[in-house]
>>> print(open('my_file-v4.cif').read())   # mmCIF, C-alpha atoms
data_model
#
loop_
_atom_site.label_atom_id
_atom_site.label_comp_id
_atom_site.auth_asym_id
_atom_site.auth_seq_id
_atom_site.Cartn_x
_atom_site.Cartn_y
_atom_site.Cartn_z
CA MET A 4 56.66 -7.91 121.19
CA THR A 5 54.01 -9.47 119.00
CA GLY A 6 54.06 -13.06 117.89
CA ASN A 7 54.72 -11.93 114.35
CA GLU A 8 57.85 -10.09 115.38
CA ARG A 9 59.07 -13.04 117.33
CA ASP A 10 58.49 -15.20 114.27
CA VAL A 11 60.47 -12.80 112.14
CA ARG A 12 63.40 -12.89 114.54
CA GLN A 13 63.27 -16.64 114.79
CA ALA A 14 62.89 -17.08 111.05
CA HIS A 15 65.92 -15.00 110.21
CA GLY A 16 67.92 -15.40 113.38
CA GLY A 17 69.30 -11.92 112.75
CA SER A 18 70.33 -9.15 115.12
CA VAL A 19 68.61 -5.80 115.48
CA THR A 20 71.87 -4.22 114.47
CA ASP A 21 71.57 -5.70 111.00
CA PRO A 22 69.79 -3.34 108.53
CA ALA A 23 68.27 -6.47 106.86
CA TRP A 24 66.37 -7.09 110.02
CA GLU A 25 64.53 -3.81 109.62
CA ASP A 26 63.52 -4.77 106.09
CA VAL A 27 62.19 -8.11 107.27
CA LEU A 28 60.21 -6.37 110.01
CA ARG A 29 58.64 -3.96 107.55
CA ALA A 30 57.77 -6.80 105.18
CA GLY A 31 56.16 -8.79 108.02
CA MET A 32 54.03 -5.79 109.04
CA GLU A 33 52.72 -5.41 105.50
CA SER A 34 52.06 -9.15 104.94
CA ASP A 35 50.11 -9.67 108.19
CA PRO A 36 47.35 -7.05 108.43
CA GLU A 37 45.28 -9.37 110.66
CA SER A 38 47.65 -9.18 113.62
CA GLY A 39 46.03 -5.88 114.66
CA ALA A 40 49.12 -3.77 114.21
CA SER A 41 48.56 -0.70 112.17
CA GLY A 42 50.68 2.28 111.00
CA SER A 43 54.40 2.35 110.55
CA VAL A 44 57.24 0.80 112.47
CA GLU A 45 59.60 3.70 111.61
CA PRO A 46 59.32 5.54 114.93
CA GLU A 47 60.10 2.35 116.80
CA LEU A 48 63.02 1.70 114.49
CA ALA A 49 64.38 5.21 115.06
CA VAL A 50 64.23 4.72 118.82
CA ALA A 51 65.92 1.36 118.44
CA ARG A 52 68.71 2.99 116.34
CA LEU A 53 69.20 5.71 118.95
CA LEU A 54 69.44 3.17 121.77
CA LEU A 55 71.87 1.08 119.77
CA HIS A 56 74.03 4.16 119.03
CA ALA A 57 73.95 5.27 122.66
CA GLY A 58 75.04 1.80 123.78
CA ALA A 59 77.84 1.50 121.27
CA PRO A 60 78.59 4.65 119.16
CA ALA A 61 79.16 3.79 115.56
CA GLU A 62 82.57 4.88 114.28
CA LEU A 63 83.06 6.68 111.01
CA GLY A 64 85.39 5.30 108.45
CA GLU A 65 88.77 7.01 107.93
CA ALA A 66 87.88 8.41 104.50
CA ARG A 67 84.50 9.63 105.63
CA ARG A 68 86.01 11.39 108.65
CA ASP A 69 88.58 13.18 106.54
CA ALA A 70 85.89 14.30 104.14
CA VAL A 71 83.82 15.70 107.02
CA TRP A 72 86.80 17.58 108.45
CA ARG A 73 87.63 19.02 105.03
CA GLU A 74 84.11 20.39 104.77
CA ILE A 75 84.38 21.91 108.23
CA ASP A 76 87.77 23.47 107.47
CA GLY A 77 86.49 24.92 104.24
CA ALA A 78 83.54 26.48 106.03
CA LEU A 79 85.63 27.93 108.86
CA THR A 80 88.81 29.13 107.10
CA PRO A 81 88.46 32.78 105.84
CA ILE A 82 89.13 33.45 102.15
CA PRO A 83 92.47 35.28 101.56
CA TRP A 84 92.09 38.91 100.44
CA TRP A 85 93.62 38.30 97.04
CA ARG A 86 91.07 35.61 96.26
CA ARG A 87 88.01 37.63 97.20
CA ARG A 88 85.58 38.50 94.45
CA ALA A 89 85.93 42.27 94.95
CA TRP A 90 89.62 42.05 94.16
CA VAL A 91 89.11 39.86 91.15
CA TRP A 92 86.90 42.52 89.55
CA GLY A 93 88.36 45.63 91.20
CA ALA A 94 92.07 45.04 90.61
CA PRO A 95 91.99 45.49 86.81
CA ALA A 96 89.91 48.66 87.12
CA LEU A 97 92.29 50.02 89.77
CA ALA A 98 95.34 49.25 87.61
CA ALA A 99 93.78 51.03 84.63
CA ALA A 100 92.96 54.13 86.70
CA SER A 101 96.51 54.23 88.12
CA ALA A 102 97.97 54.05 84.63
CA VAL A 103 95.84 56.98 83.49
CA VAL A 104 96.85 59.08 86.51
CA LEU A 105 100.52 58.24 85.90
CA VAL A 106 100.32 59.28 82.27
CA VAL A 107 98.57 62.55 83.14
CA MET A 108 101.13 63.40 85.83
CA LEU A 109 104.27 62.52 83.91
CA GLN A 110 103.16 63.86 80.50
CA PRO A 111 105.73 61.96 78.45
CA GLY A 112 105.51 64.45 75.57
CA ARG A 113 106.78 67.36 77.68
CA PRO A 114 110.51 67.59 78.46
CA PRO A 115 111.29 67.93 82.16
CA PRO A 116 112.67 71.31 83.32
CA THR A 117 116.41 71.16 83.88
CA SER A 118 116.93 74.43 85.78
CA PRO A 119 114.89 77.18 87.42
CA LEU A 120 115.40 79.37 84.37
CA ALA A 121 114.37 76.64 81.91
CA ALA A 122 110.66 77.34 82.32
CA ALA A 123 111.12 81.07 81.72
CA PRO A 124 114.36 81.55 79.77
CA GLY A 125 116.72 84.09 81.27
CA GLN A 126 117.16 85.84 77.94
CA ALA A 127 113.45 86.63 77.85
CA ILE A 128 113.50 87.99 81.40
CA ALA A 129 116.59 90.07 80.67
CA ALA A 130 114.93 91.50 77.54
CA GLN A 131 111.80 92.28 79.53
CA LEU A 132 113.84 94.08 82.19
CA GLU A 133 115.73 96.05 79.56
CA GLY A 134 112.41 97.08 78.01
CA GLN A 135 111.13 98.24 81.38
CA PHE A 136 114.31 100.25 81.89
CA ALA A 137 113.88 101.95 78.50
CA MET A 138 110.35 102.90 79.52
CA LEU A 139 111.22 104.17 83.01
CA ALA A 140 114.59 105.80 82.33
CA PRO A 141 113.44 109.12 80.71
CA ALA A 142 111.28 110.09 83.67
CA ALA A 143 114.03 109.03 86.07
CA ARG A 144 116.61 111.15 84.21
CA ALA A 145 114.30 114.13 84.39
CA ASP A 146 113.88 113.52 88.11
CA VAL A 147 117.66 113.35 88.56
CA ALA A 148 118.06 116.60 86.58
CA ARG A 149 115.49 118.34 88.80
CA SER A 150 117.26 117.15 91.94
CA VAL A 151 120.61 118.33 90.60
CA ASP A 152 119.06 121.72 89.80
CA THR A 153 117.78 121.93 93.34
CA SER A 154 121.26 121.16 94.63
CA ARG A 155 122.68 123.75 92.26
CA GLY A 156 120.27 126.38 93.61
CA SER A 157 121.18 125.43 97.13
CA MET A 158 124.86 125.68 96.29
CA ARG A 159 124.34 129.08 94.64
CA GLY A 160 122.51 130.32 97.69
CA THR A 161 125.29 129.14 99.94
CA LEU A 162 127.93 130.82 97.77
CA LEU A 163 125.97 134.09 97.69
CA ALA A 164 125.59 134.02 101.43
CA MET A 165 129.30 133.40 101.80
CA ALA A 166 130.05 136.28 99.44
CA GLN A 167 127.78 138.63 101.34
CA ASP A 168 129.36 137.60 104.59
CA ALA A 169 132.80 138.25 103.11
CA GLU A 170 131.69 141.69 101.88
CA THR A 171 130.29 142.54 105.28
CA ILE A 172 133.41 141.42 107.03
CA GLY A 173 135.67 143.08 104.48
CA GLY A 174 133.70 146.39 104.47
CA ALA A 175 133.42 146.61 108.21
CA PRO A 176 135.38 149.41 109.81
CA MET B 7 59.37 107.68 88.54
CA THR B 8 62.59 107.23 86.60
CA SER B 9 63.67 110.80 87.08
CA GLY B 10 62.82 110.47 90.78
CA ALA B 11 65.02 107.40 91.09
CA ARG B 12 67.75 109.18 89.23
CA THR B 13 67.64 112.13 91.58
CA LEU B 14 67.74 109.74 94.53
CA ALA B 15 70.71 107.78 93.11
CA SER B 16 72.80 110.75 92.09
CA PRO B 17 73.65 112.11 95.55
CA ALA B 18 74.64 108.64 96.74
CA THR B 19 76.89 108.10 93.73
CA ALA B 20 78.44 111.51 94.21
CA ARG B 21 79.09 110.74 97.86
CA TRP B 22 80.84 107.49 97.00
CA LEU B 23 82.88 109.14 94.29
CA THR B 24 83.95 111.89 96.65
CA LEU B 25 84.89 109.32 99.27
CA ALA B 26 86.89 107.25 96.77
CA LEU B 27 88.66 110.36 95.48
CA GLY B 28 89.51 111.29 99.04
CA PHE B 29 91.02 107.86 99.63
CA VAL B 30 93.07 108.04 96.44
CA LEU B 31 94.36 111.53 97.16
CA GLY B 32 95.14 110.71 100.77
CA GLY B 33 96.94 107.50 99.87
CA GLY B 34 98.86 109.20 97.10
CA SER B 35 99.96 112.04 99.32
CA MET B 36 101.09 109.57 101.92
CA LEU B 37 103.10 107.57 99.38
CA VAL B 38 104.73 110.68 97.91
CA GLY B 39 105.56 111.89 101.40
CA LEU B 40 107.09 108.55 102.34
CA ALA B 41 109.09 108.47 99.12
CA GLN B 42 110.49 111.92 99.76
CA ALA B 43 111.22 111.06 103.36
CA GLY B 44 113.11 107.90 102.32
CA ARG B 45 115.34 109.74 99.89
CA LEU B 46 118.67 110.75 101.32
CA ALA B 47 119.48 114.34 100.35
CA ALA B 48 122.98 115.38 99.34
CA ALA B 49 124.96 116.74 102.28
CA ARG B 50 127.42 118.33 99.85
CA PRO B 51 125.40 119.77 96.96
CA GLU B 52 128.54 120.97 95.18
CA ALA B 53 129.85 117.38 95.01
CA LEU B 54 126.58 116.20 93.50
CA VAL B 55 126.47 119.05 90.99
CA ALA B 56 130.05 118.40 89.91
CA VAL B 57 129.59 114.69 89.38
CA ALA B 58 126.25 115.23 87.64
CA GLN B 59 127.82 117.61 85.14
CA MET B 60 130.67 115.22 84.46
CA VAL B 61 128.28 112.29 83.96
CA GLU B 62 126.04 114.29 81.65
CA VAL B 63 128.94 115.31 79.42
CA GLU B 64 130.31 111.76 79.27
CA HIS B 65 126.88 110.32 78.43
CA ARG B 66 126.65 112.67 75.47
CA ARG B 67 130.12 111.67 74.34
CA VAL B 68 129.21 107.98 74.57
CA ASP B 69 126.03 108.66 72.57
CA LEU B 70 128.12 110.19 69.80
CA LEU B 71 130.64 107.34 69.85
CA LEU B 72 127.88 104.75 69.59
CA GLU B 73 126.24 106.65 66.75
CA ARG B 74 129.54 106.39 64.90
CA GLY B 75 129.74 102.67 65.67
CA ASP B 76 132.74 103.08 67.93
CA GLU B 77 131.75 100.64 70.67
CA ALA B 78 135.37 100.28 71.80
CA GLY B 79 135.61 104.04 72.32
CA ALA B 80 132.31 104.08 74.21
CA ILE B 81 133.47 101.28 76.50
CA ALA B 82 136.80 103.03 77.08
CA ALA B 83 135.04 106.31 77.92
CA LEU B 84 132.72 104.63 80.38
CA GLU B 85 135.62 102.68 81.93
CA ALA B 86 137.47 105.98 82.48
CA LEU B 87 134.33 107.51 83.99
CA ARG B 88 133.83 104.50 86.23
CA ARG B 89 137.32 104.91 87.65
CA GLN B 90 136.69 108.52 88.65
CA PRO B 91 136.25 109.15 92.38
CA TRP B 92 132.57 109.09 93.27
CA PRO B 93 131.12 110.98 96.24
CA ALA B 94 130.02 108.87 99.18
CA ARG B 95 126.30 108.39 99.65
CA GLU B 96 126.31 110.79 102.60
CA ASP B 97 127.84 113.51 100.41
CA GLY B 98 126.05 112.97 97.10
CA GLY B 99 122.83 111.52 98.49
CA ASP B 100 120.66 109.01 96.68
CA ILE B 101 120.91 110.99 93.44
CA GLY B 102 124.68 110.51 93.47
CA GLU B 103 124.17 106.77 93.84
CA GLN B 104 121.71 106.73 90.96
CA LEU B 105 124.20 108.53 88.73
CA ARG B 106 126.85 105.93 89.52
CA HIS B 107 124.47 103.03 88.90
CA ASP B 108 123.52 104.59 85.57
CA VAL B 109 127.14 104.77 84.42
CA TYR B 110 127.96 101.24 85.58
CA GLY B 111 124.77 99.91 84.01
CA ARG B 112 125.55 101.42 80.65
CA LEU B 113 129.10 100.07 80.76
CA VAL B 114 128.02 96.54 81.72
CA ARG B 115 125.32 96.53 79.04
CA LEU B 116 127.96 97.33 76.41
CA ARG B 117 130.33 94.73 77.82
CA LEU B 118 127.63 92.05 77.65
CA ASP B 119 126.56 93.08 74.14
CA PHE B 120 130.13 93.30 72.80
CA PRO B 121 132.10 90.66 74.71
CA ASP B 122 134.89 90.62 72.11
CA ILE B 123 135.84 94.27 72.61
CA ASP B 124 138.49 94.70 75.30
CA PRO B 125 137.25 91.44 76.87
CA VAL B 126 137.06 90.93 80.61
CA GLY B 127 136.40 87.66 82.40
CA ASP B 128 133.10 86.76 84.01
CA ASP B 129 134.54 87.19 87.46
CA ALA B 130 135.95 90.61 86.61
CA LEU B 131 132.57 91.67 85.21
CA LEU B 132 130.81 90.54 88.37
CA GLN B 133 133.36 92.47 90.41
CA ILE B 134 132.64 95.60 88.38
CA ILE B 135 128.91 95.19 88.97
CA ASP B 136 129.35 94.60 92.69
CA GLN B 137 131.62 97.62 92.89
CA GLY B 138 128.92 99.68 91.20
CA LEU B 139 126.21 98.44 93.54
CA SER B 140 128.59 98.85 96.50
CA GLY B 141 126.56 96.57 98.76
CA SER B 142 124.22 99.26 100.07
CA TYR B 143 122.09 99.62 96.97
CA ARG B 144 118.98 98.35 98.80
CA GLU B 145 119.06 101.43 101.02
CA VAL B 146 118.86 103.72 98.00
CA GLU B 147 115.43 104.92 96.98
CA THR B 148 114.01 102.58 94.32
CA ASN B 149 114.99 103.80 90.87
CA PRO B 150 115.38 102.36 87.35
CA PHE B 151 119.19 102.66 87.25
CA THR B 152 119.72 100.48 90.29
CA ALA B 153 117.09 98.03 89.03
CA ARG B 154 118.92 97.78 85.69
CA LEU B 155 122.27 97.13 87.33
CA VAL B 156 120.71 94.39 89.48
CA ALA B 157 119.17 92.87 86.34
CA LEU B 158 122.56 92.97 84.60
CA ARG B 159 124.04 91.19 87.57
CA GLY B 160 121.47 88.47 86.91
CA GLU B 161 122.60 88.26 83.28
CA ALA B 162 126.24 87.96 84.30
CA LEU B 163 125.40 85.28 86.86
CA GLU B 164 123.34 83.37 84.33
CA GLY B 165 126.28 83.47 81.93
CA ARG B 166 128.35 81.75 84.60
CA GLY B 167 125.69 79.08 85.08
CA ARG B 168 124.69 80.32 88.54
CA ASP B 169 121.02 80.05 87.70
CA ASP B 170 119.59 80.25 91.21
CA GLU B 171 121.44 83.48 91.99
CA ALA B 172 120.53 84.85 88.57
CA LEU B 173 116.88 84.11 89.21
CA GLY B 174 117.08 85.93 92.54
CA ALA B 175 118.62 88.99 90.88
CA TYR B 176 115.97 88.99 88.15
CA GLU B 177 113.18 88.76 90.69
CA GLU B 178 114.68 91.61 92.70
CA ALA B 179 114.93 93.80 89.61
CA LEU B 180 111.39 92.94 88.55
CA GLY B 181 110.15 93.85 92.02
CA MET B 182 111.87 97.23 91.83
CA ASN B 183 110.41 97.95 88.40
CA ARG B 184 106.96 96.88 89.55
CA ALA B 185 107.15 99.36 92.42
CA LEU B 186 108.31 102.08 90.02
CA LEU B 187 105.49 101.38 87.57
CA ASP B 188 102.94 101.48 90.38
CA ARG B 189 104.34 104.81 91.50
CA GLU B 190 104.27 106.10 87.93
CA LEU B 191 100.63 105.10 87.52
CA LEU B 192 99.73 106.73 90.81
CA ASP B 193 101.48 109.96 89.82
CA ARG B 194 99.56 109.98 86.54
CA GLU B 195 96.25 109.42 88.30
CA LEU B 196 97.03 112.24 90.74
CA GLY B 197 98.08 114.49 87.86
CA GLU B 198 94.84 113.81 85.99
CA ALA B 199 92.65 114.31 89.07
CA PRO B 200 90.95 117.73 89.17
#
>>> encode(input="my_file-v4.cif", output="structure tokens")
Amino acid sequence: MTGNERDVRQAHGGSVTDPAWEDVLRAGMESDPESGASGSVEPELAVARLLLHAGAPAELGEARRDAVWREIDGALTPIPWWRRRAWVWGAPALAAASAVVLVVMLQPGRPPPTSPLAAAPGQAIAAQLEGQFAMLAPAARADVARSVDTSRGSMRGTLLAMAQDAETIGGAP
Amino acid sequence: MTSGARTLASPATARWLTLALGFVLGGGSMLVGLAQAGRLAAARPEALVAVAQMVEVEHRRVDLLLERGDEAGAIAALEALRRQPWPAREDGGDIGEQLRHDVYGRLVRLRLDFPDIDPVGDDALLQIIDQGLSGSYREVETNPFTARLVALRGEALEGRGRDDEALGAYEEALGMNRALLDRELLDRELGEAP
């Protein structure tokens, strides 16, 4: 400890824990360039602060501590999904797209079908079937007539055979 | 060069055409054979001939009655014909069944078109149709008369609000007619083939 420093302490009678003491020390260093000291006293002051803190840790005030914990909580707590930026911008776009899809699917202008025959009315199907019958019936009637003729020929043959058999039996001695 | 390419292409085309024609003829012959095999022949030809003559005469009478605007008389004539004894399928074959379906179909058509003449209830009409189809109509060779009676069954069911059953009957009738039209087209193609 230089004589200047001792003088400063004696002159002010302060403690090293008092921030005013540091100011007095700096002022003494600047006002007495002849003492041989050069440079800054800041490194020594930092060491002194560290030693003081290690000896007796300084306590934070209640308000300051709460503020620090709030900052820590804010940094650690995750943001809820509904408050994320993607949702803020994406939700309106998603809602609009859903509305469009709903409108396309429901088609409010078109009445909903009430029965299986509502889409294709039964009257129209019945008329179509009747038209098909009118188209197919003539050929089918001709086919039936041919089949009946065949049966008639078969029947005639059977009758002739029966008649011949009867003649043979009747004419036999 | 062009004529050379043409002479090269012609035999190949002719080969393909011949092959395709062979496929068509073979397939057609097979279908005709299957159709004939599926048809049940009349075991009693005389029964079929008798009923066919009776049906033919009555059809002509109904034609005349309808020309005169006598729908009531036409319905009465067909009702009387319907009540005649019909040969069993084993006796009259598939042709006998077709004749019966034709008569029932014509009667039901008139009943649906003129519901105020000699009215019958919906249930009674459905009973008439079911009696005409006789439950074994699916075994009969596909023909327009059966298809029409099935379609008329659909109409009667639809009139009663039984839409699902009506739709089934319509689809069945449409399927029958589709098969008949396919067969008709095939017969025409075979008839036109050299």
>>> resolve_selection(input="my_file-v4.cif", expression="the PyMOL selection byres ((chain B) within 9 of (chain A))", output="ChimeraX atom specification")
/B:48,50-52,54-55,58,101,104-105,149-151,153-154,157-158,160-161,164,169-170,172-173,176,179-180,183,186-187,190
>>> residues_around(input="my_file-v4.cif", residues="Ala82 (chain B)", least_positions_apart="4", cutoff="12 Å", atoms="all atoms listed in the file", output="list in words")
Glu64, Arg67, Val68, Leu71, Leu72, Asp76, Glu77, Ala78, Ala86, Leu87, Arg88, Arg89, Arg112, Leu113, Val114, Leu116, Arg117, Ile123, Asp124 and Pro125 of chain B
>>> closest_residue(input="my_file-v4.cif", among="B:Gly174, B:Ala162, B:Thr148, B:Ala20", to="Asp188 (chain B)", atoms="only C-alpha atoms")
B:Thr148
>>> closest_residue(input="my_file-v4.cif", among="B:Glu195, B:Asp129, B:Glu147, B:Glu85", to="Glu103 (chain B)", atoms="all atoms listed in the file")
B:Glu147
>>> atom_distance(input="my_file-v4.cif", atom1="CA of Tyr143 (chain B)", atom2="CA of Leu46 (chain B)")
12.4 Å
>>> atom_distance(input="my_file-v4.cif", atom1="CA of Ala99 (chain A)", atom2="CA of Pro83 (chain A)")
23.2 Å
>>> closest_residue(input="my_file-v4.cif", among="A:Ala51, A:Ser43, A:Ser34, A:Arg149", to="Asp21 (chain A)", atoms="all atoms listed in the file")
A:Ala51
>>> atom_distance(input="my_file-v4.cif", atom1="CA of Ala30 (chain A)", atom2="CA of Glu47 (chain A)")
15.0 Å
>>> residues_around(input="my_file-v4.cif", residues="Arg29 (chain A)", least_positions_apart="5", cutoff="10 Å", atoms="only C-alpha atoms", output="ChimeraX atom specification")
/A:8,23-24,34,43-45,48
>>> build_atoms(input="my_file-v4.cif", residues="region 52-82 of chain B", atoms="N, CA and C atoms", output="compact mmCIF listing (two decimals), in the coordinates of the input")
# COMPACT_ATOMS: atom_id res chain seq x y z
N GLU B 52 127.54 120.68 96.21
CA GLU B 52 128.54 120.97 95.18
C GLU B 52 129.15 119.69 94.62
N ALA B 53 129.31 118.67 95.48
CA ALA B 53 129.85 117.38 95.01
C ALA B 53 128.87 116.73 94.05
N LEU B 54 127.59 116.79 94.37
CA LEU B 54 126.58 116.20 93.50
C LEU B 54 126.51 116.93 92.16
N VAL B 55 126.55 118.26 92.22
CA VAL B 55 126.47 119.05 90.99
C VAL B 55 127.67 118.76 90.09
N ALA B 56 128.84 118.66 90.70
CA ALA B 56 130.05 118.40 89.91
C ALA B 56 129.99 117.05 89.23
N VAL B 57 129.62 116.04 89.97
CA VAL B 57 129.59 114.69 89.38
C VAL B 57 128.46 114.58 88.36
N ALA B 58 127.36 115.28 88.59
CA ALA B 58 126.25 115.23 87.64
C ALA B 58 126.65 115.86 86.31
N GLN B 59 127.37 116.97 86.38
CA GLN B 59 127.82 117.61 85.14
C GLN B 59 128.78 116.72 84.38
N MET B 60 129.69 116.11 85.10
CA MET B 60 130.67 115.22 84.46
C MET B 60 129.96 114.03 83.79
N VAL B 61 129.00 113.46 84.49
CA VAL B 61 128.28 112.29 83.96
C VAL B 61 127.47 112.68 82.73
N GLU B 62 126.86 113.85 82.77
CA GLU B 62 126.04 114.29 81.65
C GLU B 62 126.89 114.46 80.38
N VAL B 63 128.04 115.09 80.56
CA VAL B 63 128.94 115.31 79.42
C VAL B 63 129.42 113.97 78.84
N GLU B 64 129.80 113.06 79.72
CA GLU B 64 130.31 111.76 79.27
C GLU B 64 129.22 110.93 78.58
N HIS B 65 128.00 111.04 79.07
CA HIS B 65 126.88 110.32 78.43
C HIS B 65 126.71 110.81 76.99
N ARG B 66 126.81 112.12 76.83
CA ARG B 66 126.65 112.67 75.47
C ARG B 66 127.79 112.19 74.56
N ARG B 67 128.98 112.14 75.13
CA ARG B 67 130.12 111.67 74.34
C ARG B 67 129.94 110.20 73.93
N VAL B 68 129.45 109.41 74.85
CA VAL B 68 129.21 107.98 74.57
C VAL B 68 128.12 107.84 73.51
N ASP B 69 127.09 108.70 73.59
CA ASP B 69 126.03 108.66 72.57
C ASP B 69 126.63 108.87 71.18
N LEU B 70 127.50 109.87 71.10
CA LEU B 70 128.12 110.19 69.80
C LEU B 70 129.00 109.03 69.31
N LEU B 71 129.77 108.46 70.23
CA LEU B 71 130.64 107.34 69.85
C LEU B 71 129.82 106.14 69.34
N LEU B 72 128.72 105.88 70.01
CA LEU B 72 127.88 104.75 69.59
C LEU B 72 127.20 105.03 68.26
N GLU B 73 126.83 106.30 68.05
CA GLU B 73 126.24 106.65 66.75
C GLU B 73 127.22 106.41 65.62
N ARG B 74 128.51 106.62 65.92
CA ARG B 74 129.54 106.39 64.90
C ARG B 74 129.94 104.92 64.81
N GLY B 75 129.39 104.10 65.67
CA GLY B 75 129.74 102.67 65.67
C GLY B 75 131.03 102.35 66.37
N ASP B 76 131.48 103.29 67.20
CA ASP B 76 132.74 103.08 67.93
C ASP B 76 132.43 102.53 69.32
N GLU B 77 132.09 101.25 69.37
CA GLU B 77 131.75 100.64 70.67
C GLU B 77 132.97 100.59 71.59
N ALA B 78 134.16 100.35 70.98
CA ALA B 78 135.37 100.28 71.80
C ALA B 78 135.63 101.63 72.48
N GLY B 79 135.42 102.71 71.74
CA GLY B 79 135.61 104.04 72.32
C GLY B 79 134.60 104.31 73.41
N ALA B 80 133.36 103.86 73.20
CA ALA B 80 132.31 104.08 74.21
C ALA B 80 132.64 103.32 75.49
N ILE B 81 133.11 102.07 75.31
CA ILE B 81 133.47 101.28 76.50
C ILE B 81 134.65 101.92 77.23
N ALA B 82 135.63 102.40 76.45
CA ALA B 82 136.80 103.03 77.08
C ALA B 82 136.39 104.30 77.84
